[in-house]
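Before any comments, here is the structure.
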Amino acid sequence: MPLYLRIAPELYLKRLIVGGFERVFEINRSFRNEGVSVRHNPEFTMMESYAAGDDLRDVMVLTENLFQQTALACGAVERPWGDMVINYQTPFRRLTLKDAIAEYGGIQRARLEDPAEIVALAREAHVEDVDKKAPGLLLGDLFELHAEAHLVQPTFIIDYPVELSPLTKELPGDPAFVDRFELFIGGMELANAYSELNDPVVQLERFQAQLEQRAAGNDEAMLLDQDFVSALEHGFPPTGGLGVGLDRMVMLMTDSASIRDVILFPLMRPTVRGAEDADEDEDELG
């Protein structure tokens with residue numbers, strides 16, 4: 001039977017909330033084939049939690065307390081990070097995605113309200129596959145290019161385009177954006193959280209929109225999960241969800257420059273000698 005490595009436990013933990021569990025969490029191993037770098041390992045450790053009755057504001061408080069208390073347990077609320085010092089004193093800064101692009105990219109905020117201007121900005125920044133992406137996806141690319149590396153002190157980035165967050169509840173009065181945050185520290189993402197979408201009709205529409213994006217060439221768009229939609233039809237209460245990358249958290253708390261320093265058996269690129277040996281073995285096997 002075909003078996004698969006999971007990219008996250010999200011849809012399964014949500015099924016538990018549907019089944020009557022009010023609060024669930026899991027510390028798990030997940031796999032994403034997204035390359036190897038000082039901040040990425042294909043297999044990594046993540047904590048995910050879901051709490052019925054909570055929304056994004058509740059999850060923000062939980063996240064702030066989690067990082068502040070971890071820093072204190074490691075010795076102090078201020079922790080060294082390379083030649084910088086990161087202060088985990090709460091509350092953390094909050095900044096919308098568009099405001100972050102404008103602030104760090106030196107871009108007029110009004111341009112980010114016009115879809116045509118967003119496309120033009122993406123072309124100026126040499127974003128790949130501009131013609132295949134909706135403006136919301138291009139905003140995500142502009143954020144990564146202009147803002148992400150500058151977010152050293154703990155900062156919640158909020159108000160994400162719906163195209164980037166197909167499992168998230170929309171903002172009141174603005175269906176183009178959703179109630180989501182990502183926490184950035186040390187110039188990298190540490191946590192991701194939603195006010196979870198619990199309307200099965202809207203969720204099915206979101207999945208179908210993702211399929212259209214996939215057909216247009218976006219390989220990262222989600223596939224339709226009919227079982228999950230069926231679970232929502234049984235009743236999914238308002239829920240706040242959180243995911244924290246524990247390997248990166250340990251990097252920050254221990255002032256480790258590479259994720260490989262905090263994983264016992266990280267994936268390593270093969271050495272040149274190793275590649276030659278593999279070629280010789282293939283020759284011997286014919």
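Letters A, B, ... mark the chains of the structure tokens in the order given; residue numbers begin at 1 per chain; ligand numbers begin at 1, in order shown.
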
With a distance cut-off of 7 Å and only C-alpha atoms, select the neighbouring residues of Tyr88 in chain A, excluding the residue or stretch itself and same-chain residues fewer than 4 positions from it, and output the selection as a tab-separated table (two decimals) with N, CA and C atoms, in the first residue's frame.
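Once everything was written out, this is result_4.tsv:
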chain	number	residue	atom	x	y	z
A	67	PHE	N	7.75	31.58	24.32
A	67	PHE	CA	9.11	32.01	24.01
A	67	PHE	C	9.74	32.75	25.17
A	68	GLN	N	8.98	33.59	25.87
A	68	GLN	CA	9.56	34.31	27.00
A	68	GLN	C	9.98	33.34	28.11
A	71	ALA	N	13.11	31.42	27.13
A	71	ALA	CA	14.31	32.26	27.26
A	71	ALA	C	14.73	32.37	28.73
A	77	VAL	N	15.88	36.82	29.81
A	77	VAL	CA	14.90	37.22	28.79
A	77	VAL	C	15.59	37.78	27.56
A	78	GLU	N	16.84	38.21	27.69
A	78	GLU	CA	17.64	38.63	26.55
A	78	GLU	C	18.66	37.55	26.24
A	154	PRO	N	11.54	39.78	18.04
A	154	PRO	CA	10.28	39.05	17.87
A	154	PRO	C	9.16	39.93	17.31

Worksheet item: Got a sec: who's within 8 Å of range 127-144 of chain A, counting only C-alpha atoms, leaving out chain neighbours fewer than 4 positions off, as a PyMOL selection string?
Response: chain A and resi 97-98+100-101+115+118-119+121-123+148-149+161-164+213+216-218

Worksheet item: Using only C-alpha atoms, which residue out of A:Thr155, A:Gln210, A:Gln203, A:Thr90 lies closest to Met188 in chain A?
Response: A:Thr155

Worksheet entry | Surrounding residues of range 175-179 of chain A excluding itself and chain neighbours under 6 positions, 10 Å, only C-alpha atoms, as an MDAnalysis selection string | chainID A and resid 55:57 136 158:169 193:197

Convert the current residue selection to file output with C-alpha atoms, as an mmCIF file, in the first residue's frame.
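Generated output (out.cif):
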data_model
loop_
_atom_site.group_PDB
_atom_site.id
_atom_site.type_symbol
_atom_site.label_atom_id
_atom_site.label_comp_id
_atom_site.auth_asym_id
_atom_site.auth_seq_id
_atom_site.Cartn_x
_atom_site.Cartn_y
_atom_site.Cartn_z
ATOM 1 C CA ASP A 55 -8.778 32.774 18.270
ATOM 2 C CA LEU A 56 -5.591 34.392 16.998
ATOM 3 C CA ARG A 57 -5.323 36.829 19.917
ATOM 4 C CA GLY A 136 -1.910 37.682 -2.937
ATOM 5 C CA ILE A 158 -0.463 39.550 10.587
ATOM 6 C CA ASP A 159 -3.190 39.915 7.922
ATOM 7 C CA TYR A 160 -2.127 37.455 5.205
ATOM 8 C CA PRO A 161 -3.683 37.145 1.733
ATOM 9 C CA VAL A 162 -6.209 34.321 1.481
ATOM 10 C CA GLU A 163 -4.161 32.702 -1.332
ATOM 11 C CA LEU A 164 -1.373 32.032 1.189
ATOM 12 C CA SER A 165 -3.682 30.619 3.864
ATOM 13 C CA PRO A 166 -6.415 28.308 2.524
ATOM 14 C CA LEU A 167 -7.218 26.863 5.987
ATOM 15 C CA THR A 168 -7.702 30.194 7.787
ATOM 16 C CA LYS A 169 -10.772 32.235 8.747
ATOM 17 C CA ALA A 193 -0.926 30.420 13.694
ATOM 18 C CA TYR A 194 -4.518 30.760 12.501
ATOM 19 C CA SER A 195 -8.020 31.461 13.593
ATOM 20 C CA GLU A 196 -9.052 28.200 11.960
ATOM 21 C CA LEU A 197 -11.556 28.147 9.120
#

With the cut-off set at 8 Å and counting only C-alpha atoms, tabulate each residue of range 246-269 of chain A with an atom at most that distance from an atom of range 33-41 of chain A, showing the nearest atom pair and its distance in Å to one decimal, ordered by chain and increasing number, as a Markdown table.
| residue | atom | partner | partner_atom | distance |
| --- | --- | --- | --- | --- |
| A:Arg248 | CA | A:Arg39 | CA | 7.3 |
| A:Ala257 | CA | A:Val38 | CA | 7.1 |
| A:Ser258 | CA | A:Val38 | CA | 4.4 |
| A:Ile259 | CA | A:Arg39 | CA | 5.3 |
| A:Arg260 | CA | A:Val38 | CA | 6.9 |
| A:Pro266 | CA | A:Asn41 | CA | 6.9 |
| A:Leu267 | CA | A:Asn41 | CA | 6.6 |
| A:Met268 | CA | A:Val36 | CA | 7.8 |
| A:Arg269 | CA | A:Val36 | CA | 7.9 |

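Compared by their closest atoms to Glu43 in chain A, and using only C-alpha atoms, the residues A:Ile263, A:Glu182, A:Glu64, A:Glu117 rank with A:Ile263 nearest.
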
Name the residues of range 8-244 of chain A that come out as alpha helix (DSSP H) in a backbone DSSP run; write them as an mmCIF file with C-alpha atoms, in the first residue's frame.
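For reference, out21.cif as written:
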data_model
loop_
_atom_site.group_PDB
_atom_site.id
_atom_site.type_symbol
_atom_site.label_atom_id
_atom_site.label_comp_id
_atom_site.auth_asym_id
_atom_site.auth_seq_id
_atom_site.Cartn_x
_atom_site.Cartn_y
_atom_site.Cartn_z
ATOM 1 C CA GLU A 10 -2.612 19.699 11.010
ATOM 2 C CA LEU A 11 -5.601 18.018 9.390
ATOM 3 C CA TYR A 12 -5.440 15.080 11.801
ATOM 4 C CA LEU A 13 -5.276 17.196 14.960
ATOM 5 C CA LYS A 14 -8.233 19.217 13.680
ATOM 6 C CA ARG A 15 -10.155 15.974 13.282
ATOM 7 C CA LEU A 16 -9.612 15.415 17.014
ATOM 8 C CA ILE A 17 -11.157 18.819 17.758
ATOM 9 C CA VAL A 18 -14.119 17.820 15.579
ATOM 10 C CA LEU A 56 -5.591 34.392 16.998
ATOM 11 C CA ARG A 57 -5.323 36.829 19.917
ATOM 12 C CA ASP A 58 -5.368 33.958 22.419
ATOM 13 C CA VAL A 59 -2.721 32.104 20.420
ATOM 14 C CA MET A 60 -0.521 35.232 20.358
ATOM 15 C CA VAL A 61 -0.502 35.332 24.164
ATOM 16 C CA LEU A 62 0.296 31.616 24.311
ATOM 17 C CA THR A 63 3.164 32.058 21.845
ATOM 18 C CA GLU A 64 4.625 35.081 23.636
ATOM 19 C CA ASN A 65 4.572 33.243 26.946
ATOM 20 C CA LEU A 66 6.103 30.129 25.397
ATOM 21 C CA PHE A 67 9.109 32.010 24.009
ATOM 22 C CA GLN A 68 9.559 34.307 26.998
ATOM 23 C CA GLN A 69 9.447 31.461 29.521
ATOM 24 C CA THR A 70 11.823 29.364 27.398
ATOM 25 C CA ALA A 71 14.309 32.255 27.264
ATOM 26 C CA LEU A 72 14.073 32.693 31.046
ATOM 27 C CA ALA A 73 14.614 28.955 31.541
ATOM 28 C CA LEU A 97 2.261 41.959 5.935
ATOM 29 C CA LYS A 98 1.680 45.002 3.717
ATOM 30 C CA ASP A 99 3.121 47.403 6.308
ATOM 31 C CA ALA A 100 6.239 45.240 6.597
ATOM 32 C CA ILE A 101 6.759 45.289 2.816
ATOM 33 C CA ALA A 102 6.304 49.064 2.717
ATOM 34 C CA GLU A 103 8.560 49.730 5.720
ATOM 35 C CA TYR A 104 11.497 47.522 4.787
ATOM 36 C CA GLY A 105 11.139 47.685 1.006
ATOM 37 C CA PRO A 115 -3.307 44.564 -7.870
ATOM 38 C CA ALA A 116 -1.675 46.019 -11.008
ATOM 39 C CA GLU A 117 0.918 47.806 -8.881
ATOM 40 C CA ILE A 118 1.627 44.608 -6.945
ATOM 41 C CA VAL A 119 2.338 42.822 -10.234
ATOM 42 C CA ALA A 120 4.591 45.706 -11.316
ATOM 43 C CA LEU A 121 6.491 45.617 -8.015
ATOM 44 C CA ALA A 122 6.967 41.859 -8.386
ATOM 45 C CA ARG A 123 8.395 42.336 -11.884
ATOM 46 C CA GLU A 124 10.746 45.047 -10.598
ATOM 47 C CA PRO A 135 -1.591 39.252 -6.385
ATOM 48 C CA GLY A 136 -1.910 37.682 -2.937
ATOM 49 C CA LEU A 137 0.848 35.184 -3.723
ATOM 50 C CA LEU A 138 3.020 37.988 -5.095
ATOM 51 C CA LEU A 139 2.612 39.878 -1.814
ATOM 52 C CA GLY A 140 4.092 36.842 -0.100
ATOM 53 C CA ASP A 141 7.066 36.910 -2.467
ATOM 54 C CA LEU A 142 7.587 40.645 -1.902
ATOM 55 C CA PHE A 143 7.508 40.115 1.853
ATOM 56 C CA GLU A 144 10.186 37.406 1.647
ATOM 57 C CA LEU A 145 12.380 39.588 -0.564
ATOM 58 C CA HIS A 146 12.045 42.903 1.257
ATOM 59 C CA PRO A 200 -17.101 23.417 5.277
ATOM 60 C CA VAL A 201 -18.645 25.268 2.302
ATOM 61 C CA VAL A 202 -15.957 27.967 2.311
ATOM 62 C CA GLN A 203 -13.257 25.357 2.916
ATOM 63 C CA LEU A 204 -14.330 23.392 -0.155
ATOM 64 C CA GLU A 205 -14.266 26.618 -2.209
ATOM 65 C CA ARG A 206 -10.737 27.328 -0.928
ATOM 66 C CA PHE A 207 -9.553 23.830 -1.872
ATOM 67 C CA GLN A 208 -11.053 24.241 -5.354
ATOM 68 C CA ALA A 209 -9.255 27.586 -5.748
ATOM 69 C CA GLN A 210 -6.035 25.845 -4.736
ATOM 70 C CA LEU A 211 -6.605 23.206 -7.425
ATOM 71 C CA GLU A 212 -7.016 25.984 -10.006
ATOM 72 C CA GLN A 213 -3.724 27.531 -8.874
ATOM 73 C CA ARG A 214 -2.059 24.125 -9.123
ATOM 74 C CA ALA A 215 -3.379 23.685 -12.669
ATOM 75 C CA GLN A 226 -12.515 15.637 0.871
ATOM 76 C CA ASP A 227 -12.219 13.691 4.146
ATOM 77 C CA PHE A 228 -11.276 16.886 5.965
ATOM 78 C CA VAL A 229 -14.228 18.771 4.427
ATOM 79 C CA SER A 230 -16.503 15.923 5.567
ATOM 80 C CA ALA A 231 -15.083 16.231 9.086
ATOM 81 C CA LEU A 232 -15.895 19.943 9.130
ATOM 82 C CA GLU A 233 -19.476 19.121 8.155
#

Fill in: Residue with smallest distance to Val262 in chain A - pool A:Phe44, A:Tyr4, A:Arg29, A:Pro80, counting only C-alpha atoms
A:Phe44

Practice prompt. List the neighbours of Leu246 in chain A out to 7 Å using only C-alpha atoms; skip same-chain residues closer than 6 positions along the sequence, and give me the result as a PyMOL selection string.
Written response: chain A and resi 45-47

With C-alpha atoms retained, write the just-selected residues as a tab-separated table (two decimals), in the first residue's frame.
chain	number	residue	atom	x	y	z
A	45	THR	CA	10.68	18.77	14.73
A	46	MET	CA	7.50	20.78	15.20
A	47	MET	CA	4.98	21.41	17.94

Fill in: CA of Ile7 in chain A to CA of Phe265 in chain A, distance in Å rounded to a single decimal
18.9 Å

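Across the structure, CA of Val250 in chain A and CA of Arg79 in chain A are spaced 11.7 Å apart.
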
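Here CA of Arg111 in chain A is placed at a distance of 21.2 Å from CA of Arg94 in chain A.
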
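Secondary structure of range 37-88 of chain A, strand (DSSP E or B) only (DSSP, backbone atoms): Ser37, His40, Glu43, Phe44, Thr45, Met46, Met47, Glu48, Ser49, Tyr50, Ala51, Ala52, Glu78, Arg79, Pro80, Trp81, Met84, Val85, Ile86 and Asn87 of chain A.
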